[in-house]
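> What follows is a structure written as structure tokens; I'll ask about it next.
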Amino acid sequence: MHPIATDRNALLRIVEGTVSALQTPDPSSLVAAVATANVLTAEEVEAQRDAVVNALENSARTLRLHGDLVSMTPTASAGAIREAPFIPEDQVLSLMQSAIEEFMPENSLATAGPFDPTDPGWVSVAWEKLKALFRGKHKFITHTSLNSFQLQLPEQATVALFSDWGTGEETAKRVMRQIALQNPTHAIHLGDVYYSGTEKEIQHRFLDILDAEGPSPASCLYLALNSNHEMYSGGHAYFELTLKTRFHQEASYFNLRNAHWQLIGLDSGYEDHGLKDPQREWLVAQLGASGPRNILLTHHQLFSPFESRAFDRKLHQKVEPLLGKVFAWFWGHEHRAIVYGKHKGIHARCIGHGAIPEDVPYGNPRFTDVPILKVDERQGPEGDNMHGFALLRFNGSQLHVSYIDELGTTWFSEDLA
């Protein structure tokens, strides 16, 4: 991922410099640059300038309050250093990171001069990305009946679950190569293409890697859940490019089912860490089926020993009354691999370790009431945490789950039946 975009202090300088450029006493050059690039009309620039400046100033405030610098983790090779990326939970900052990568591609860093936020070329690119603030969200696709979005799961099926994977880095490629070696019948991404799920990022960091390294779509059905990072650009590329064009997936939620099991994917990203209506009424209907055991899939977590337990989040509020009908739940968002002890009556698993580097060990849990059965804190080949995925093997009423890393090692396995 882009070195500049991973540095919090550098990002702060760029945001502040961009604000200064937008507030220049002579705005004619800005208007001309943006209008010439066919990004926005002069009238739109003038109408939206103050709103953009306010948004950037708020994000700069977020950066100043973020805390320590991003960590630098030594890798396994000759003292090399891998920089842990700064991945903010902030739409404007994520859009700025996307703009940086487009304005200054990684392969141009060796010859590029200093990054100048007042450069009219940069201002045009930043404006193009920040249009997402005014463009709004893609229309949410809803069911027309309570039987909508139901897909057939074979009695014998192999389902690969991976999350927070859309970085395009070598570690993500290694994870996908290991998934391909398992010959899955289904591959489901639980969300997050960085930094803001733009069309270019989804194409190059997600779809191109699947094409090059993943199982053949002739033998493997791909599905993808929505997430906060896809929605930072409004979800347009996710809904139009990933779902509609490439995966031929009807909506951002689905039920992959047979007589014994239901894998129910939900959209917790359109409404951040929530459950956009009318998903709940559809979910109630799916959980009402007699016979199969229900496994939920979301991007966001229901609880965590390391982060907020999310008790005040809409996802928790809407789903908690239904947990008596939920057997297991796999999620991402938190960039770790955690097998929880049974909690709130369910088998919960965090598999957000698809590609984003984190320092290991993770330290003491903040919420000790959340039981941890197993957590992977091994160091990976690049010095940060090991990355990987979960493999679910269905055989009638039996379910075997393997947790496999980017080197092909199964670090934990279990029978969930």
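Residue names in the structure tokens use chain letters A, B, ... in the order shown, residue numbers from 1 in each chain, and ligand numbers from 1 in the order shown.
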As a list of chain:residue names, please: all residues of segment 312-399 of chain A that backbone DSSP puts in helix (DSSP H, G or I).
A:Lys314, A:Leu315, A:His316, A:Gln317, A:Lys318, A:Val319, A:Glu320, A:Pro321, A:Leu322, A:Leu323, A:Gly324, A:Lys325
> Let's have the selection written as a PDB file, in the first residue's frame, with C-alpha atoms.

```pdb
ATOM      1  CA  LYS A 314     -27.553  -0.991  15.610  1.00  0.00           C
ATOM      2  CA  LEU A 315     -26.261  -4.359  14.432  1.00  0.00           C
ATOM      3  CA  HIS A 316     -26.174  -5.624  18.009  1.00  0.00           C
ATOM      4  CA  GLN A 317     -29.533  -4.075  18.890  1.00  0.00           C
ATOM      5  CA  LYS A 318     -31.304  -5.625  15.913  1.00  0.00           C
ATOM      6  CA  VAL A 319     -29.746  -9.082  16.040  1.00  0.00           C
ATOM      7  CA  GLU A 320     -29.356  -9.828  19.748  1.00  0.00           C
ATOM      8  CA  PRO A 321     -33.025 -10.847  20.210  1.00  0.00           C
ATOM      9  CA  LEU A 322     -32.523 -13.405  17.402  1.00  0.00           C
ATOM     10  CA  LEU A 323     -29.337 -15.031  18.710  1.00  0.00           C
ATOM     11  CA  GLY A 324     -31.243 -18.017  20.101  1.00  0.00           C
ATOM     12  CA  LYS A 325     -31.628 -19.186  16.497  1.00  0.00           C
TER      13      LYS A 325
END
```
> Write out as JSON lines a residue-level contact list of segment 282-341 of chain A versus segment 148-155 of chain A with cut-off 12 Å: for each qualifying residue the closest pair of atoms and the distance in Å to one decimal, counting only C-alpha atoms, rows sorted by chain and residue number upward.

```
{"residue": "A:Trp282", "atom": "CA", "partner": "A:Ser148", "partner_atom": "CA", "distance": 8.5}
{"residue": "A:Leu283", "atom": "CA", "partner": "A:Ser148", "partner_atom": "CA", "distance": 10.9}
{"residue": "A:Ala285", "atom": "CA", "partner": "A:Ser148", "partner_atom": "CA", "distance": 10.6}
{"residue": "A:Gln286", "atom": "CA", "partner": "A:Gln150", "partner_atom": "CA", "distance": 9.1}
{"residue": "A:Pro292", "atom": "CA", "partner": "A:Leu153", "partner_atom": "CA", "distance": 11.6}
```
> I'd like the contact shell of Gly191 of chain A - 6 Å cut-off, only C-alpha atoms, skipping same-chain residues fewer than 2 positions apart - returned as a list in words.
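Within the cut-off, the hits are Ser163, Asp164, His189, Leu225, Asn226, Ser227 and His299 of chain A.
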> Generate the output file for the selected residues, N, CA and C atoms, as a PDB file, in the first residue's frame.

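Final output, out13.pdb:
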```pdb
ATOM      1  N   SER A 163     -11.463 -12.104   4.819  1.00  0.00           N
ATOM      2  CA  SER A 163     -11.958 -10.761   5.120  1.00  0.00           C
ATOM      3  C   SER A 163     -10.832  -9.752   5.203  1.00  0.00           C
ATOM      4  N   ASP A 164     -11.174  -8.478   4.985  1.00  0.00           N
ATOM      5  CA  ASP A 164     -10.216  -7.374   5.088  1.00  0.00           C
ATOM      6  C   ASP A 164      -9.004  -7.667   4.213  1.00  0.00           C
ATOM      7  N   HIS A 189     -15.938 -13.102   0.382  1.00  0.00           N
ATOM      8  CA  HIS A 189     -15.176 -12.025   1.016  1.00  0.00           C
ATOM      9  C   HIS A 189     -16.106 -11.281   1.966  1.00  0.00           C
ATOM     10  N   LEU A 225     -19.494  -9.439   0.713  1.00  0.00           N
ATOM     11  CA  LEU A 225     -20.288  -8.615   1.614  1.00  0.00           C
ATOM     12  C   LEU A 225     -19.822  -7.166   1.547  1.00  0.00           C
ATOM     13  N   ASN A 226     -20.684  -6.293   1.978  1.00  0.00           N
ATOM     14  CA  ASN A 226     -20.385  -4.869   2.026  1.00  0.00           C
ATOM     15  C   ASN A 226     -19.641  -4.541   3.320  1.00  0.00           C
ATOM     16  N   SER A 227     -18.969  -3.377   3.329  1.00  0.00           N
ATOM     17  CA  SER A 227     -18.212  -2.981   4.515  1.00  0.00           C
ATOM     18  C   SER A 227     -18.096  -1.474   4.581  1.00  0.00           C
ATOM     19  N   HIS A 299     -19.444  -8.225   7.974  1.00  0.00           N
ATOM     20  CA  HIS A 299     -18.129  -7.593   8.068  1.00  0.00           C
ATOM     21  C   HIS A 299     -17.836  -7.204   9.517  1.00  0.00           C
TER      22      HIS A 299
END
```
> Hey, which of A:Thr298, A:Tyr194, A:Gly388, A:Phe303 ends up closest to Lys173 of chain A? Count only C-alpha atoms.
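Checking each of A:Thr298, A:Tyr194, A:Gly388, A:Phe303 against Lys173 of chain A, counting only C-alpha atoms, the winner is A:Gly388.
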> Using DSSP on the backbone coordinates, identify the residues of segment 76-228 of chain A assigned to strand (DSSP E or B); present them as a PyMOL selection string.
chain A and resi 81-83+150-152+156-162+166+186-189+193+221-224
> Atom CA of Arg257 of chain A and atom CA of Leu181 of chain A, how far apart in Å?
24.2 Å
> Find the residues around segment 390-403 of chain A up to 7 Å (only C-alpha atoms counted), leave out those fewer than 6 positions away in its own chain, and share them as a list in words.
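Final neighbour list, sorted by chain and number: Glu155, Gln156, Ala157, Thr158, Val159, Ala160, Leu161, Phe162, His260, Thr410, Trp411, Phe412, Ser413, Glu414, Asp415, Leu416 and Ala417 of chain A.
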> Write out as a ChimeraX atom specification which residues come within 10 Å of Ser252 of chain A when counting only C-alpha atoms, dropping same-chain ones fewer than 5 positions away.
/A:140-142,149,223-227,238-239,243,265-270
> Could you check the closest approach to Glu199 of chain A for each of A:Gln249, A:Ser98, A:Asn294, A:Gln262 and tell me which residue wins, using only C-alpha atoms?
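Closest to Glu199 of chain A of all the choices is A:Ser98.
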> Report, in Å to a single decimal, how far apart atom CA of Glu358 of chain A and atom CA of His300 of chain A are.
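Atom-to-atom, atom CA of His300 of chain A and atom CA of Glu358 of chain A are spaced 17.7 Å apart.
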> Give me, as a list in words, all polymer residues having an atom no more than 7 Å from segment 327-336 of chain A, counting only C-alpha atoms and skipping those fewer than 4 positions away in the same chain.
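After dropping sequence-adjacent residues, the list is Ser163, Asp164, Leu190, Arg293, Asn294, Ile295, Leu296, Leu297, Thr298, His299, His300, Gln301, Ile346, His347, Ala348, Arg349, Cys350, Ile351, Gly352, His353 and Ile356 of chain A.
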> Go ahead and save the picked residues with C-alpha atoms, as a PDB file, in the first residue's frame.

```pdb
ATOM      1  CA  SER A 163     -11.958 -10.761   5.120  1.00  0.00           C
ATOM      2  CA  ASP A 164     -10.216  -7.374   5.088  1.00  0.00           C
ATOM      3  CA  LEU A 190     -16.499 -10.441   4.211  1.00  0.00           C
ATOM      4  CA  ARG A 293     -28.375 -24.653  11.612  1.00  0.00           C
ATOM      5  CA  ASN A 294     -27.778 -20.963  10.994  1.00  0.00           C
ATOM      6  CA  ILE A 295     -24.369 -19.371  10.484  1.00  0.00           C
ATOM      7  CA  LEU A 296     -24.274 -15.572  10.096  1.00  0.00           C
ATOM      8  CA  LEU A 297     -21.641 -13.742   8.055  1.00  0.00           C
ATOM      9  CA  THR A 298     -20.988 -10.014   8.435  1.00  0.00           C
ATOM     10  CA  HIS A 299     -18.129  -7.593   8.068  1.00  0.00           C
ATOM     11  CA  HIS A 300     -18.561  -6.057  11.529  1.00  0.00           C
ATOM     12  CA  GLN A 301     -18.217  -7.843  14.833  1.00  0.00           C
ATOM     13  CA  ILE A 346     -23.113 -18.706  19.675  1.00  0.00           C
ATOM     14  CA  HIS A 347     -19.801 -19.915  18.236  1.00  0.00           C
ATOM     15  CA  ALA A 348     -18.154 -16.664  17.118  1.00  0.00           C
ATOM     16  CA  ARG A 349     -15.053 -16.373  14.939  1.00  0.00           C
ATOM     17  CA  CYS A 350     -13.110 -13.291  13.840  1.00  0.00           C
ATOM     18  CA  ILE A 351     -11.227 -13.759  10.554  1.00  0.00           C
ATOM     19  CA  GLY A 352     -10.241 -10.166   9.723  1.00  0.00           C
ATOM     20  CA  HIS A 353      -6.603 -11.190   9.204  1.00  0.00           C
ATOM     21  CA  ILE A 356      -3.732  -5.950   6.855  1.00  0.00           C
TER      22      ILE A 356
END
```
> Which residues come within 7 Å of Trp122 of chain A, counting only C-alpha atoms, excluding same-chain residues fewer than 4 positions away, as a compact mmCIF listing (two decimals) with N, CA and C atoms, in the first residue's frame?

```
# COMPACT_ATOMS: atom_id res chain seq x y z
N PHE A 103 -2.78 9.99 -7.49
CA PHE A 103 -1.97 11.13 -7.92
C PHE A 103 -0.49 10.75 -8.02
N PRO A 117 0.67 19.81 -1.88
CA PRO A 117 -0.80 19.84 -1.87
C PRO A 117 -1.39 21.01 -2.64
N ALA A 126 -7.89 15.23 -5.83
CA ALA A 126 -8.55 15.24 -4.53
C ALA A 126 -10.03 15.59 -4.67
```
> Restricting the calculation to only C-alpha atoms: of A:Leu133, A:Ala187, A:Ala5, A:Leu302, which residue gets closest to Val370 of chain A?
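Closest residue, counting only C-alpha atoms: A:Leu302.
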> Name the closest residue to Ser59 of chain A among the candidates A:Leu22, A:Pro85, A:Ala251, A:Arg13; distances are taken between atoms, counting only C-alpha atoms.
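Among the listed residues, the smallest separation from Ser59 of chain A belongs to A:Arg13.
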> Suppose you want the space between atom CA of Tyr253 of chain A and atom CA of Cys220 of chain A; what is it in Å?
18.5 Å
> Give the answer as one residue: which of A:Asn255, A:Gln178, A:Asn385, A:Ser233 has the shortest atom-to-atom distance to Thr198 of chain A, using only C-alpha atoms?
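Of A:Asn255, A:Gln178, A:Asn385, A:Ser233, the one nearest Thr198 of chain A is A:Ser233, counting only C-alpha atoms.
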